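For reference, start29.pdb (PDB, C-alpha atoms):
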ATOM      1  CA  MET A   6      99.373 131.894  93.996
ATOM      2  CA  THR A   7      97.027 130.253  91.542
ATOM      3  CA  ILE A   8      98.285 128.238  88.627
ATOM      4  CA  ASP A   9      95.634 127.361  86.102
ATOM      5  CA  GLY A  10      95.403 123.769  84.965
ATOM      6  CA  ILE A  11      93.268 122.453  82.160
ATOM      7  CA  ASP A  12      89.734 123.048  83.334
ATOM      8  CA  ALA A  13      86.552 122.045  81.551
ATOM      9  CA  ALA A  14      86.288 125.465  79.886
ATOM     10  CA  SER A  15      89.631 124.937  78.143
ATOM     11  CA  TYR A  16      88.120 122.025  76.231
ATOM     12  CA  GLY A  17      85.431 124.234  74.687
ATOM     13  CA  GLU A  18      81.684 123.946  74.403
ATOM     14  CA  ALA A  19      81.426 121.234  71.720
ATOM     15  CA  GLU A  20      80.202 117.731  72.622
ATOM     16  CA  ASN A  21      83.390 115.725  72.050
ATOM     17  CA  GLY A  22      82.708 112.821  74.386
ATOM     18  CA  HIS A  23      85.693 111.757  76.452
ATOM     19  CA  VAL A  24      88.303 112.565  73.823
ATOM     20  CA  LEU A  25      89.981 115.706  75.171
ATOM     21  CA  PRO A  26      90.116 114.842  78.891
ATOM     22  CA  LEU A  27      91.217 111.253  78.216
ATOM     23  CA  ALA A  28      93.683 111.914  75.393
ATOM     24  CA  LEU A  29      95.181 115.110  76.787
ATOM     25  CA  GLY A  30      94.047 115.665  80.377
ATOM     26  CA  PHE A  31      95.085 112.260  81.696
ATOM     27  CA  PRO A  32      98.661 112.411  80.338
ATOM     28  CA  PHE A  33      99.097 115.873  81.863
ATOM     29  CA  GLU A  34      97.723 114.659  85.167
ATOM     30  CA  THR A  35     100.471 112.015  85.179
ATOM     31  CA  THR A  36     103.071 114.516  83.993
ATOM     32  CA  THR A  37     102.359 117.132  86.665
ATOM     33  CA  SER A  38     102.046 114.545  89.410
ATOM     34  CA  ILE A  39     105.525 113.062  88.894
ATOM     35  CA  SER A  40     107.023 116.510  88.270
ATOM     36  CA  ARG A  41     105.658 117.691  91.620
ATOM     37  CA  MET A  42     107.225 114.691  93.376
ATOM     38  CA  ILE A  43     110.572 115.527  91.779
ATOM     39  CA  LEU A  44     110.357 119.228  92.682
ATOM     40  CA  ALA A  45     109.413 118.366  96.281
ATOM     41  CA  GLY A  46     112.625 116.351  96.573
ATOM     42  CA  VAL A  47     110.821 113.045  97.174
ATOM     43  CA  PHE A  48     113.332 111.152  95.024
ATOM     44  CA  ASP A  49     116.277 112.864  96.763
ATOM     45  CA  GLN A  50     114.905 111.763 100.122
ATOM     46  CA  PHE A  51     113.957 108.239  98.973
ATOM     47  CA  PRO A  52     116.372 107.383  96.159
ATOM     48  CA  ALA A  53     115.330 103.731  96.040
ATOM     49  CA  LEU A  54     111.622 104.549  95.649
ATOM     50  CA  LYS A  55     110.334 102.553  92.677
ATOM     51  CA  ILE A  56     107.544 103.945  90.494
ATOM     52  CA  LEU A  57     106.140 102.442  87.293
ATOM     53  CA  VAL A  58     104.424 105.220  85.360
ATOM     54  CA  ALA A  59     101.410 104.291  83.257
ATOM     55  CA  HIS A  60     101.025 105.125  79.567
ATOM     56  CA  SER A  61     104.722 105.800  78.985
ATOM     57  CA  GLY A  62     104.742 108.533  81.604
ATOM     58  CA  GLY A  63     102.090 110.793  80.092
ATOM     59  CA  THR A  64     104.334 113.309  78.341
ATOM     60  CA  LEU A  65     107.359 113.036  80.664
ATOM     61  CA  PRO A  66     109.877 111.452  78.284
ATOM     62  CA  PHE A  67     109.025 114.112  75.699
ATOM     63  CA  LEU A  68     109.131 117.116  78.053
ATOM     64  CA  ALA A  69     112.059 116.032  80.276
ATOM     65  CA  GLY A  70     114.495 118.450  78.605
ATOM     66  CA  ARG A  71     112.086 121.325  79.024
ATOM     67  CA  LEU A  72     111.720 120.504  82.724
ATOM     68  CA  ASP A  73     115.526 120.514  83.086
ATOM     69  CA  SER A  74     115.756 123.867  81.360
ATOM     70  CA  CYS A  75     112.990 125.461  83.421
ATOM     71  CA  VAL A  76     114.501 124.242  86.707
ATOM     72  CA  LEU A  77     117.967 125.461  85.695
ATOM     73  CA  HIS A  78     116.661 128.950  84.992
ATOM     74  CA  ASP A  79     114.267 129.286  87.914
ATOM     75  CA  PRO A  80     115.694 131.085  90.964
ATOM     76  CA  THR A  81     113.140 129.412  93.280
ATOM     77  CA  VAL A  82     114.168 125.842  92.511
ATOM     78  CA  LYS A  83     117.520 125.849  90.731
ATOM     79  CA  ASP A  84     119.530 124.936  93.866
ATOM     80  CA  ARG A  85     116.938 122.677  95.437
ATOM     81  CA  LEU A  86     117.594 119.307  93.797
ATOM     82  CA  LYS A  87     120.598 116.995  93.691
ATOM     83  CA  LEU A  88     119.966 115.992  90.073
ATOM     84  CA  LYS A  89     118.324 117.349  86.936
ATOM     85  CA  PRO A  90     114.630 116.372  86.604
ATOM     86  CA  SER A  91     115.446 114.152  83.621
ATOM     87  CA  GLU A  92     117.902 112.172  85.742
ATOM     88  CA  TYR A  93     115.159 111.244  88.215
ATOM     89  CA  LEU A  94     112.855 110.427  85.322
ATOM     90  CA  LYS A  95     115.422 108.013  83.914
ATOM     91  CA  LYS A  96     115.315 106.046  87.154
ATOM     92  CA  LEU A  97     111.559 105.420  86.875
ATOM     93  CA  TYR A  98     109.843 102.591  84.993
ATOM     94  CA  TYR A  99     107.341 103.103  82.185
ATOM     95  CA  ASP A 100     104.801 100.923  80.443
ATOM     96  CA  ALA A 101     104.556 100.725  76.679
ATOM     97  CA  VAL A 102     100.852 101.630  76.419
ATOM     98  CA  ILE A 103     101.301 104.798  74.318
ATOM     99  CA  TYR A 104      99.488 103.760  71.090
ATOM    100  CA  ASP A 105     102.208 104.933  68.703
ATOM    101  CA  SER A 106     105.504 103.360  67.647
ATOM    102  CA  THR A 107     107.429 106.654  67.447
ATOM    103  CA  ALA A 108     106.370 107.603  70.988
ATOM    104  CA  LEU A 109     107.273 104.110  72.208
ATOM    105  CA  ARG A 110     110.720 104.287  70.583
ATOM    106  CA  HIS A 111     111.246 107.672  72.210
ATOM    107  CA  THR A 112     110.313 106.281  75.649
ATOM    108  CA  ILE A 113     112.765 103.400  75.167
ATOM    109  CA  ASP A 114     115.526 105.772  73.947
ATOM    110  CA  PHE A 115     114.881 108.024  76.936
ATOM    111  CA  ALA A 116     114.654 105.517  79.799
ATOM    112  CA  GLY A 117     116.420 102.462  78.358
ATOM    113  CA  PRO A 118     114.854  99.202  77.167
ATOM    114  CA  ASP A 119     115.035  97.552  80.604
ATOM    115  CA  ARG A 120     112.833 100.281  82.098
ATOM    116  CA  VAL A 121     109.973 100.032  79.617
ATOM    117  CA  MET A 122     107.454  97.260  80.325
ATOM    118  CA  PHE A 123     104.852  95.549  78.173
ATOM    119  CA  GLY A 124     101.239  96.339  79.045
ATOM    120  CA  THR A 125      97.763  96.049  77.549
ATOM    121  CA  VAL A 126      95.173  97.627  79.921
ATOM    122  CA  SER A 127      93.308  94.320  79.327
ATOM    123  CA  LEU A 128      89.795  95.763  79.330
ATOM    124  CA  GLU A 129      89.159  95.173  75.627
ATOM    125  CA  ALA A 130      86.595  92.550  74.717
ATOM    126  CA  TRP A 131      88.005  89.435  73.035
TER     127      TRP A 131
ATOM    128  CA  MET B  14     117.250  77.217  80.031
ATOM    129  CA  ALA B  15     114.608  79.573  81.366
ATOM    130  CA  THR B  16     111.607  80.059  79.118
ATOM    131  CA  ARG B  17     110.938  83.604  77.961
ATOM    132  CA  GLN B  18     107.407  84.778  78.589
ATOM    133  CA  LEU B  19     105.435  87.927  77.968
ATOM    134  CA  ILE B  20     104.495  89.750  81.187
ATOM    135  CA  ASP B  21     101.674  92.303  81.181
ATOM    136  CA  VAL B  22     102.190  95.005  83.827
ATOM    137  CA  HIS B  23      99.145  97.101  82.898
ATOM    138  CA  SER B  24      96.225  94.763  83.423
ATOM    139  CA  HIS B  25      93.183  96.204  85.175
ATOM    140  CA  VAL B  26      90.320  94.399  86.866
ATOM    141  CA  TYR B  27      87.302  95.576  88.794
ATOM    142  CA  LEU B  28      87.203  92.785  91.379
ATOM    143  CA  PRO B  29      83.724  91.305  92.001
ATOM    144  CA  ARG B  30      83.683  92.825  95.502
ATOM    145  CA  LEU B  31      84.206  96.313  94.030
ATOM    146  CA  VAL B  32      81.627  95.680  91.282
ATOM    147  CA  SER B  33      78.939  94.816  93.873
ATOM    148  CA  TYR B  34      79.886  97.909  95.792
ATOM    149  CA  MET B  35      79.577 100.149  92.730
ATOM    150  CA  LYS B  36      76.298  98.539  91.595
ATOM    151  CA  ALA B  37      74.729  99.524  94.916
ATOM    152  CA  ARG B  38      75.526 103.201  94.348
ATOM    153  CA  THR B  39      73.375 105.889  92.782
ATOM    154  CA  THR B  40      76.067 108.554  92.447
ATOM    155  CA  VAL B  41      79.334 108.520  90.487
ATOM    156  CA  PRO B  42      81.388 106.350  90.539
ATOM    157  CA  LYS B  43      78.778 103.681  89.933
ATOM    158  CA  ILE B  44      77.664 100.828  87.721
ATOM    159  CA  SER B  45      74.135 101.360  86.370
ATOM    160  CA  THR B  46      71.951  99.152  84.218
ATOM    161  CA  ILE B  47      70.719 101.087  81.199
ATOM    162  CA  ALA B  48      68.627  99.248  78.556
ATOM    163  CA  ASN B  49      69.569  95.868  80.042
ATOM    164  CA  GLN B  50      73.278  96.656  79.852
ATOM    165  CA  ASP B  51      75.647  97.343  82.741
ATOM    166  CA  ARG B  52      77.386 100.700  82.251
ATOM    167  CA  LEU B  53      80.384 102.005  84.161
ATOM    168  CA  ILE B  54      80.167 105.703  85.038
ATOM    169  CA  ILE B  55      83.319 106.687  86.884
ATOM    170  CA  LEU B  56      84.744 110.024  85.832
ATOM    171  CA  PRO B  57      84.028 113.007  88.095
ATOM    172  CA  SER B  58      82.347 115.153  85.453
ATOM    173  CA  GLU B  59      81.021 112.700  82.900
ATOM    174  CA  GLU B  60      77.422 112.829  84.098
ATOM    175  CA  GLN B  61      77.330 116.535  83.277
ATOM    176  CA  SER B  62      77.693 116.134  79.515
ATOM    177  CA  LYS B  63      75.191 114.513  77.163
ATOM    178  CA  SER B  64      77.863 112.706  75.133
ATOM    179  CA  THR B  65      79.437 111.019  78.173
ATOM    180  CA  SER B  66      76.654 110.630  80.745
ATOM    181  CA  ALA B  67      75.909 106.966  79.980
ATOM    182  CA  GLY B  68      79.510 105.973  80.720
ATOM    183  CA  ARG B  69      80.824 102.858  78.991
ATOM    184  CA  PRO B  70      79.483  99.313  78.659
ATOM    185  CA  ILE B  71      80.994  96.887  81.142
ATOM    186  CA  GLY B  72      81.143  93.163  80.511
ATOM    187  CA  LYS B  73      82.967  90.234  81.999
ATOM    188  CA  GLU B  74      86.268  91.452  80.527
ATOM    189  CA  TYR B  75      86.125  93.988  83.386
ATOM    190  CA  TRP B  76      85.684  91.597  86.294
ATOM    191  CA  SER B  77      85.961  87.891  85.365
ATOM    192  CA  ILE B  78      89.269  86.238  86.219
ATOM    193  CA  ASP B  79      88.402  83.175  84.095
ATOM    194  CA  TRP B  80      87.765  85.428  81.139
ATOM    195  CA  ARG B  81      91.092  87.214  81.730
ATOM    196  CA  LEU B  82      93.015  83.937  81.840
ATOM    197  CA  GLN B  83      91.467  82.863  78.533
ATOM    198  CA  TRP B  84      92.189  86.295  77.038
ATOM    199  CA  MET B  85      95.845  86.039  78.111
ATOM    200  CA  LYS B  86      96.146  82.630  76.517
ATOM    201  CA  ARG B  87      94.613  83.872  73.289
ATOM    202  CA  HIS B  88      97.100  86.759  73.116
ATOM    203  CA  GLY B  89     100.184  84.789  74.181
ATOM    204  CA  ILE B  90     100.575  86.572  77.528
ATOM    205  CA  GLY B  91     102.201  84.247  80.056
ATOM    206  CA  HIS B  92     101.793  86.341  83.188
ATOM    207  CA  SER B  93      99.844  89.447  84.208
ATOM    208  CA  ILE B  94     100.297  91.746  87.171
ATOM    209  CA  ILE B  95      96.678  92.688  87.750
ATOM    210  CA  SER B  96      95.577  95.913  89.429
ATOM    211  CA  LEU B  97      92.331  97.635  90.319
ATOM    212  CA  ALA B  98      91.198 100.139  87.698
ATOM    213  CA  ASN B  99      90.488 103.768  88.478
ATOM    214  CA  PRO B 100      89.091 105.386  90.568
ATOM    215  CA  TRP B 101      90.255 102.706  93.057
ATOM    216  CA  LEU B 102      89.106 103.706  96.554
ATOM    217  CA  ASP B 103      90.021 107.392  96.542
ATOM    218  CA  TRP B 104      86.360 108.500  96.412
ATOM    219  CA  LEU B 105      85.232 106.571  99.505
ATOM    220  CA  PRO B 106      85.009 108.005 103.029
ATOM    221  CA  ALA B 107      88.222 107.255 104.916
ATOM    222  CA  GLY B 108      86.947 104.561 107.308
ATOM    223  CA  GLU B 109      85.221 102.615 104.550
ATOM    224  CA  ALA B 110      88.217 102.890 102.218
ATOM    225  CA  ALA B 111      90.620 101.397 104.772
ATOM    226  CA  LYS B 112      88.326  98.408 105.388
ATOM    227  CA  LEU B 113      87.684  97.802 101.702
ATOM    228  CA  ALA B 114      91.397  98.147 100.867
ATOM    229  CA  ARG B 115      92.207  95.255 103.193
ATOM    230  CA  GLU B 116      89.390  93.107 101.782
ATOM    231  CA  LEU B 117      90.414  93.809  98.179
ATOM    232  CA  ASN B 118      94.073  93.111  98.927
ATOM    233  CA  GLN B 119      93.033  89.790 100.480
ATOM    234  CA  ASP B 120      90.895  89.049  97.398
ATOM    235  CA  MET B 121      93.847  89.850  95.115
ATOM    236  CA  GLN B 122      96.200  87.581  97.051
ATOM    237  CA  LEU B 123      93.652  84.739  96.971
ATOM    238  CA  ILE B 124      92.962  85.073  93.233
ATOM    239  CA  CYS B 125      96.682  85.101  92.472
ATOM    240  CA  ASP B 126      97.327  82.127  94.760
ATOM    241  CA  GLU B 127      94.712  80.171  92.820
ATOM    242  CA  ASN B 128      96.398  81.106  89.520
ATOM    243  CA  SER B 129      99.948  81.345  90.691
ATOM    244  CA  GLU B 130     101.726  80.884  87.364
ATOM    245  CA  GLU B 131      99.559  83.328  85.464
ATOM    246  CA  LEU B 132      98.868  86.092  87.971
ATOM    247  CA  SER B 133     100.399  88.396  90.521
ATOM    248  CA  ALA B 134      99.034  91.809  91.514
ATOM    249  CA  PHE B 135      99.474  95.370  92.628
ATOM    250  CA  GLY B 136      97.529  95.932  95.853
ATOM    251  CA  VAL B 137      95.764  99.127  96.847
ATOM    252  CA  LEU B 138      96.633 101.677  99.556
ATOM    253  CA  PRO B 139      93.942 103.855 101.194
ATOM    254  CA  LEU B 140      96.145 106.947 100.941
ATOM    255  CA  HIS B 141      93.505 109.419 102.135
ATOM    256  CA  CYS B 142      92.936 107.462 105.369
ATOM    257  CA  ALA B 143      94.695 107.779 108.727
ATOM    258  CA  ILE B 144      98.448 107.245 108.348
ATOM    259  CA  ASP B 145      98.372 104.167 110.602
ATOM    260  CA  ASP B 146      95.806 102.561 108.278
ATOM    261  CA  VAL B 147      97.980 103.306 105.249
ATOM    262  CA  LEU B 148     101.116 101.916 106.887
ATOM    263  CA  ALA B 149      99.214  98.817 108.033
ATOM    264  CA  GLU B 150      98.251  98.203 104.395
ATOM    265  CA  VAL B 151     101.857  98.700 103.220
ATOM    266  CA  ASP B 152     102.765  96.022 105.729
ATOM    267  CA  PHE B 153      99.954  93.732 104.565
ATOM    268  CA  ILE B 154     101.085  94.066 100.929
ATOM    269  CA  LYS B 155     104.684  93.411 101.968
ATOM    270  CA  GLN B 156     103.608  90.193 103.741
ATOM    271  CA  SER B 157     101.463  89.027 100.783
ATOM    272  CA  SER B 158     103.592  86.902  98.487
ATOM    273  CA  LYS B 159     101.601  87.678  95.311
ATOM    274  CA  LEU B 160     101.295  91.438  95.820
ATOM    275  CA  LYS B 161     104.305  93.090  94.203
ATOM    276  CA  GLY B 162     103.423  96.689  94.884
ATOM    277  CA  TYR B 163     100.489  99.071  94.899
ATOM    278  CA  ILE B 164      98.355 100.946  92.390
ATOM    279  CA  LEU B 165      98.725 104.693  92.859
ATOM    280  CA  GLY B 166      96.496 107.579  91.768
ATOM    281  CA  THR B 167      97.640 111.188  91.661
ATOM    282  CA  ARG B 168      95.384 112.402  94.476
ATOM    283  CA  GLY B 169      97.431 111.125  97.429
ATOM    284  CA  SER B 170      95.748 112.067 100.667
ATOM    285  CA  GLY B 171      93.924 114.920  98.916
ATOM    286  CA  SER B 172      96.657 117.373  97.919
ATOM    287  CA  GLY B 173      98.745 115.469  95.385
ATOM    288  CA  LEU B 174     101.855 113.316  95.643
ATOM    289  CA  ASP B 175     104.183 116.114  96.819
ATOM    290  CA  ASP B 176     102.240 116.303 100.102
ATOM    291  CA  LYS B 177     104.482 116.071 103.183
ATOM    292  CA  LYS B 178     101.846 113.818 104.776
ATOM    293  CA  LEU B 179     102.934 111.085 102.370
ATOM    294  CA  LEU B 180     106.598 111.075 103.438
ATOM    295  CA  PRO B 181     106.111 108.180 105.924
ATOM    296  CA  VAL B 182     104.393 106.216 103.149
ATOM    297  CA  TRP B 183     107.263 106.716 100.691
ATOM    298  CA  LYS B 184     109.679 105.698 103.443
ATOM    299  CA  ALA B 185     107.707 102.528 104.188
ATOM    300  CA  VAL B 186     107.263 101.417 100.568
ATOM    301  CA  GLU B 187     110.911 102.159  99.815
ATOM    302  CA  GLU B 188     112.010 100.016 102.772
ATOM    303  CA  ALA B 189     109.589  97.260 101.743
ATOM    304  CA  GLY B 190     110.870  97.356  98.148
ATOM    305  CA  LEU B 191     107.331  97.750  96.806
ATOM    306  CA  ILE B 192     106.748  99.315  93.393
ATOM    307  CA  GLY B 193     104.047 101.961  92.903
ATOM    308  CA  PHE B 194     102.103 101.814  89.641
ATOM    309  CA  LEU B 195     101.112 105.436  89.021
ATOM    310  CA  HIS B 196      97.981 105.806  86.920
ATOM    311  CA  PRO B 197      95.881 108.864  86.010
ATOM    312  CA  HIS B 198      92.185 109.259  86.671
ATOM    313  CA  CYS B 199      90.944 112.781  87.236
ATOM    314  CA  ASN B 200      92.238 114.995  84.422
ATOM    315  CA  LEU B 201      93.324 118.507  85.461
ATOM    316  CA  PRO B 202      92.833 120.372  87.739
ATOM    317  CA  CYS B 203      92.606 117.296  89.969
ATOM    318  CA  SER B 204      91.668 118.809  93.322
ATOM    319  CA  GLN B 205      88.524 120.478  91.957
ATOM    320  CA  ARG B 206      87.451 117.335  90.111
ATOM    321  CA  TRP B 207      87.605 115.085  93.157
ATOM    322  CA  LYS B 208      85.109 117.411  94.855
ATOM    323  CA  LEU B 209      82.538 116.394  92.242
ATOM    324  CA  TYR B 210      82.296 112.978  93.947
ATOM    325  CA  SER B 211      81.031 114.381  97.226
TER     326      SER B 211
END
Before we go any further, please render this structure as structure tokens.
Amino acid sequence: MTIDGIDAASYGEAENGHVLPLALGFPFETTTSISRMILAGVFDQFPALKILVAHSGGTLPFLAGRLDSCVLHDPTVKDRLKLKPSEYLKKLYYDAVIYDSTALRHTIDFAGPDRVMFGTVSLEAW
Amino acid sequence: MATRQLIDVHSHVYLPRLVSYMKARTTVPKISTIANQDRLIILPSEEQSKSTSAGRPIGKEYWSIDWRLQWMKRHGIGHSIISLANPWLDWLPAGEAAKLARELNQDMQLICDENSEELSAFGVLPLHCAIDDVLAEVDFIKQSSKLKGYILGTRGSGSGLDDKKLLPVWKAVEEAGLIGFLHPHCNLPCSQRWKLYS
């Protein structure tokens, strides 16, 4: 079975520098990666595994409910996991590098203030 | 009473050892000098497009620890957990990656020892190498007082982080109490993009 990701063609022909892959591709790379770990049962098998997810988890705090809903309604995976995807996500740590106060507040509301860490990337000149 | 201080968990560096390594390369990822300026060209497909092929300028904010310490002071950051920036070692042949991982983890420990109040670090695991090499590095990080965990890309050993081959790694880092700092690098679809390095 092939599942299409976001390939170069999806970003169109225009010269847009790094904008689309960095702004949109990277967060979805993070999002799919953690989602695959959850669906594979990695966090059921290793419940004390600690992961800090960069850039406020890509889109995970925003799409957690949708993940729950899709798992609940999918015959292939609905009985596979001990918890809902969002419950594993709430046990992870996130950094605050999301460039927007509304998104940051949402991450804090989702995971709790003691799971959201200050960060800077630190590669800016003075 | 304990003093409150700001701790930066997302603080990348390209350690001097990695910079020399990347300067010696002619294919991506590499550091090239263009018009007397060092440029970092790291993303799998960026050489293919006119608007991205020159990469980004790289100055001492990318590699100088002294610069970083001054920068932290200027911005009121008391402590940083530094980590290698992408693409880490995932693009290197397995044997080379395992050797360089150990050297970079030793470098990290040394740098943090010299600046103990200001710095600790996430180490690096050569996840696409032989499992014994990966587990040896988990053990090295566990034994290194200033290494609090490991930086983690999404590639794993080549097939993503849901790969069964990684189960012994998750077991080892869980037992060691090490935290993984998951960071993106390759955009989607990842597996095809990594092939662009070869």
Matched chain/residue IDs from the ChimeraX specification (/A :<9) & /B, as a ChimeraX atom specification
/B:19-26,58-59,62-65,72-75,81,84-85,87,93,166-168,173-177,180,183-184,186-188,190-203
Would you give the centre and edge lengths, in Å to one decimal, of a box along x, y and z around the listed atoms of region 107-110 of chain B, with 8 Å added to each side, as lines of an AutoDock Vina configuration file?
center_x = 86.7
center_y = 104.9
center_z = 104.8
size_x = 19.0
size_y = 20.6
size_z = 21.1
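For the atom pair formed by CA of Arg69 (chain B) and CA of Asp51 (chain B), the distance is 8.4 Å, given to one decimal.
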Kindly resolve the PyMOL selection byres ((chain A and resi 91) around 10) on the present coordinates and return the residues as a tab-separated table (two decimals) with C-alpha atoms, in the frame of the given file.
chain	number	residue	atom	x	y	z
A	40	SER	CA	107.02	116.51	88.27
A	43	ILE	CA	110.57	115.53	91.78
A	65	LEU	CA	107.36	113.04	80.66
A	66	PRO	CA	109.88	111.45	78.28
A	68	LEU	CA	109.13	117.12	78.05
A	69	ALA	CA	112.06	116.03	80.28
A	70	GLY	CA	114.50	118.45	78.60
A	71	ARG	CA	112.09	121.32	79.02
A	72	LEU	CA	111.72	120.50	82.72
A	73	ASP	CA	115.53	120.51	83.09
A	74	SER	CA	115.76	123.87	81.36
A	88	LEU	CA	119.97	115.99	90.07
A	89	LYS	CA	118.32	117.35	86.94
A	90	PRO	CA	114.63	116.37	86.60
A	92	GLU	CA	117.90	112.17	85.74
A	93	TYR	CA	115.16	111.24	88.22
A	94	LEU	CA	112.86	110.43	85.32
A	95	LYS	CA	115.42	108.01	83.91
A	96	LYS	CA	115.32	106.05	87.15
A	115	PHE	CA	114.88	108.02	76.94
A	116	ALA	CA	114.65	105.52	79.80
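The residue that comes closest to Glu127 (chain B), out of B:Asp103, B:Arg115, B:Asn49, B:Leu82 and on the basis of only C-alpha atoms, is B:Leu82.
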Calculate how many Å separate CA of Asp120 (chain B) from CA of His88 (chain B), rounding to one decimal.
25.2 Å
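Between Pro106 (chain B) and the candidates B:Ala143, B:His92, B:Ala48, B:Ile124, the tightest atom-to-atom separation, counting only C-alpha atoms, involves B:Ala143.
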On this structure, the PyMOL selection byres ((chain B and resi 147) around 12) would catch which residues? List them as a ChimeraX atom specification, sorted by chain and number.
/B:107-108,110-112,114-115,136-146,148-154,163,169-170,178-183,185-186
What's the separation between CA of Ser158 (chain B) and CA of Glu116 (chain B), in Å to one decimal place?
15.8 Å
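Nearest residue to Arg30 (chain B), choosing from B:Leu97, B:Gln50, B:Glu60, B:Gln205 and counting all atoms listed in the file: B:Leu97.
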Restricting the calculation to all atoms listed in the file, which member of B:Trp76, B:Thr46, B:Glu131, B:Leu165 is positioned closest to Gly89 (chain B)?
B:Glu131
Starting from the incomplete input, reconstruct N, CA, C and O atoms of region 140-153 of chain B and write that as a PDB file, in the frame of the given file.
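The resulting file, selection-v2.pdb, is shown below:
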ATOM      1  N   LEU B 140      95.233 105.839 100.635  1.00  0.00           N
ATOM      2  CA  LEU B 140      96.145 106.947 100.941  1.00  0.00           C
ATOM      3  C   LEU B 140      95.491 108.130 101.640  1.00  0.00           C
ATOM      4  O   LEU B 140      96.167 108.919 102.297  1.00  0.00           O
ATOM      5  N   HIS B 141      94.168 108.277 101.494  1.00  0.00           N
ATOM      6  CA  HIS B 141      93.505 109.419 102.135  1.00  0.00           C
ATOM      7  C   HIS B 141      92.994 109.064 103.539  1.00  0.00           C
ATOM      8  O   HIS B 141      92.282 109.842 104.148  1.00  0.00           O
ATOM      9  N   CYS B 142      93.368 107.878 104.026  1.00  0.00           N
ATOM     10  CA  CYS B 142      92.936 107.462 105.369  1.00  0.00           C
ATOM     11  C   CYS B 142      94.013 107.828 106.403  1.00  0.00           C
ATOM     12  O   CYS B 142      95.064 108.357 106.047  1.00  0.00           O
ATOM     13  N   ALA B 143      93.732 107.506 107.657  1.00  0.00           N
ATOM     14  CA  ALA B 143      94.695 107.779 108.727  1.00  0.00           C
ATOM     15  C   ALA B 143      96.023 107.091 108.400  1.00  0.00           C
ATOM     16  O   ALA B 143      96.038 105.980 107.862  1.00  0.00           O
ATOM     17  N   ILE B 144      97.127 107.746 108.742  1.00  0.00           N
ATOM     18  CA  ILE B 144      98.448 107.245 108.348  1.00  0.00           C
ATOM     19  C   ILE B 144      98.698 105.824 108.872  1.00  0.00           C
ATOM     20  O   ILE B 144      99.301 104.997 108.188  1.00  0.00           O
ATOM     21  N   ASP B 145      98.182 105.524 110.070  1.00  0.00           N
ATOM     22  CA  ASP B 145      98.372 104.167 110.602  1.00  0.00           C
ATOM     23  C   ASP B 145      97.680 103.121 109.733  1.00  0.00           C
ATOM     24  O   ASP B 145      98.180 102.013 109.568  1.00  0.00           O
ATOM     25  N   ASP B 146      96.508 103.485 109.182  1.00  0.00           N
ATOM     26  CA  ASP B 146      95.806 102.561 108.278  1.00  0.00           C
ATOM     27  C   ASP B 146      96.606 102.341 106.987  1.00  0.00           C
ATOM     28  O   ASP B 146      96.680 101.240 106.452  1.00  0.00           O
ATOM     29  N   VAL B 147      97.196 103.421 106.485  1.00  0.00           N
ATOM     30  CA  VAL B 147      97.980 103.306 105.249  1.00  0.00           C
ATOM     31  C   VAL B 147      99.201 102.417 105.495  1.00  0.00           C
ATOM     32  O   VAL B 147      99.497 101.495 104.723  1.00  0.00           O
ATOM     33  N   LEU B 148      99.903 102.684 106.592  1.00  0.00           N
ATOM     34  CA  LEU B 148     101.116 101.916 106.887  1.00  0.00           C
ATOM     35  C   LEU B 148     100.789 100.450 107.180  1.00  0.00           C
ATOM     36  O   LEU B 148     101.568  99.545 106.817  1.00  0.00           O
ATOM     37  N   ALA B 149      99.623 100.208 107.790  1.00  0.00           N
ATOM     38  CA  ALA B 149      99.214  98.817 108.033  1.00  0.00           C
ATOM     39  C   ALA B 149      99.002  98.096 106.703  1.00  0.00           C
ATOM     40  O   ALA B 149      99.326  96.908 106.562  1.00  0.00           O
ATOM     41  N   GLU B 150      98.499  98.828 105.699  1.00  0.00           N
ATOM     42  CA  GLU B 150      98.251  98.203 104.395  1.00  0.00           C
ATOM     43  C   GLU B 150      99.565  97.988 103.637  1.00  0.00           C
ATOM     44  O   GLU B 150      99.705  97.006 102.912  1.00  0.00           O
ATOM     45  N   VAL B 151     100.521  98.916 103.803  1.00  0.00           N
ATOM     46  CA  VAL B 151     101.857  98.700 103.220  1.00  0.00           C
ATOM     47  C   VAL B 151     102.413  97.395 103.786  1.00  0.00           C
ATOM     48  O   VAL B 151     102.939  96.545 103.054  1.00  0.00           O
ATOM     49  N   ASP B 152     102.254  97.224 105.084  1.00  0.00           N
ATOM     50  CA  ASP B 152     102.765  96.022 105.729  1.00  0.00           C
ATOM     51  C   ASP B 152     102.041  94.767 105.227  1.00  0.00           C
ATOM     52  O   ASP B 152     102.675  93.742 104.968  1.00  0.00           O
ATOM     53  N   PHE B 153     100.716  94.884 105.060  1.00  0.00           N
ATOM     54  CA  PHE B 153      99.954  93.732 104.565  1.00  0.00           C
ATOM     55  C   PHE B 153     100.415  93.338 103.156  1.00  0.00           C
ATOM     56  O   PHE B 153     100.608  92.164 102.848  1.00  0.00           O
TER      57      PHE B 153
END
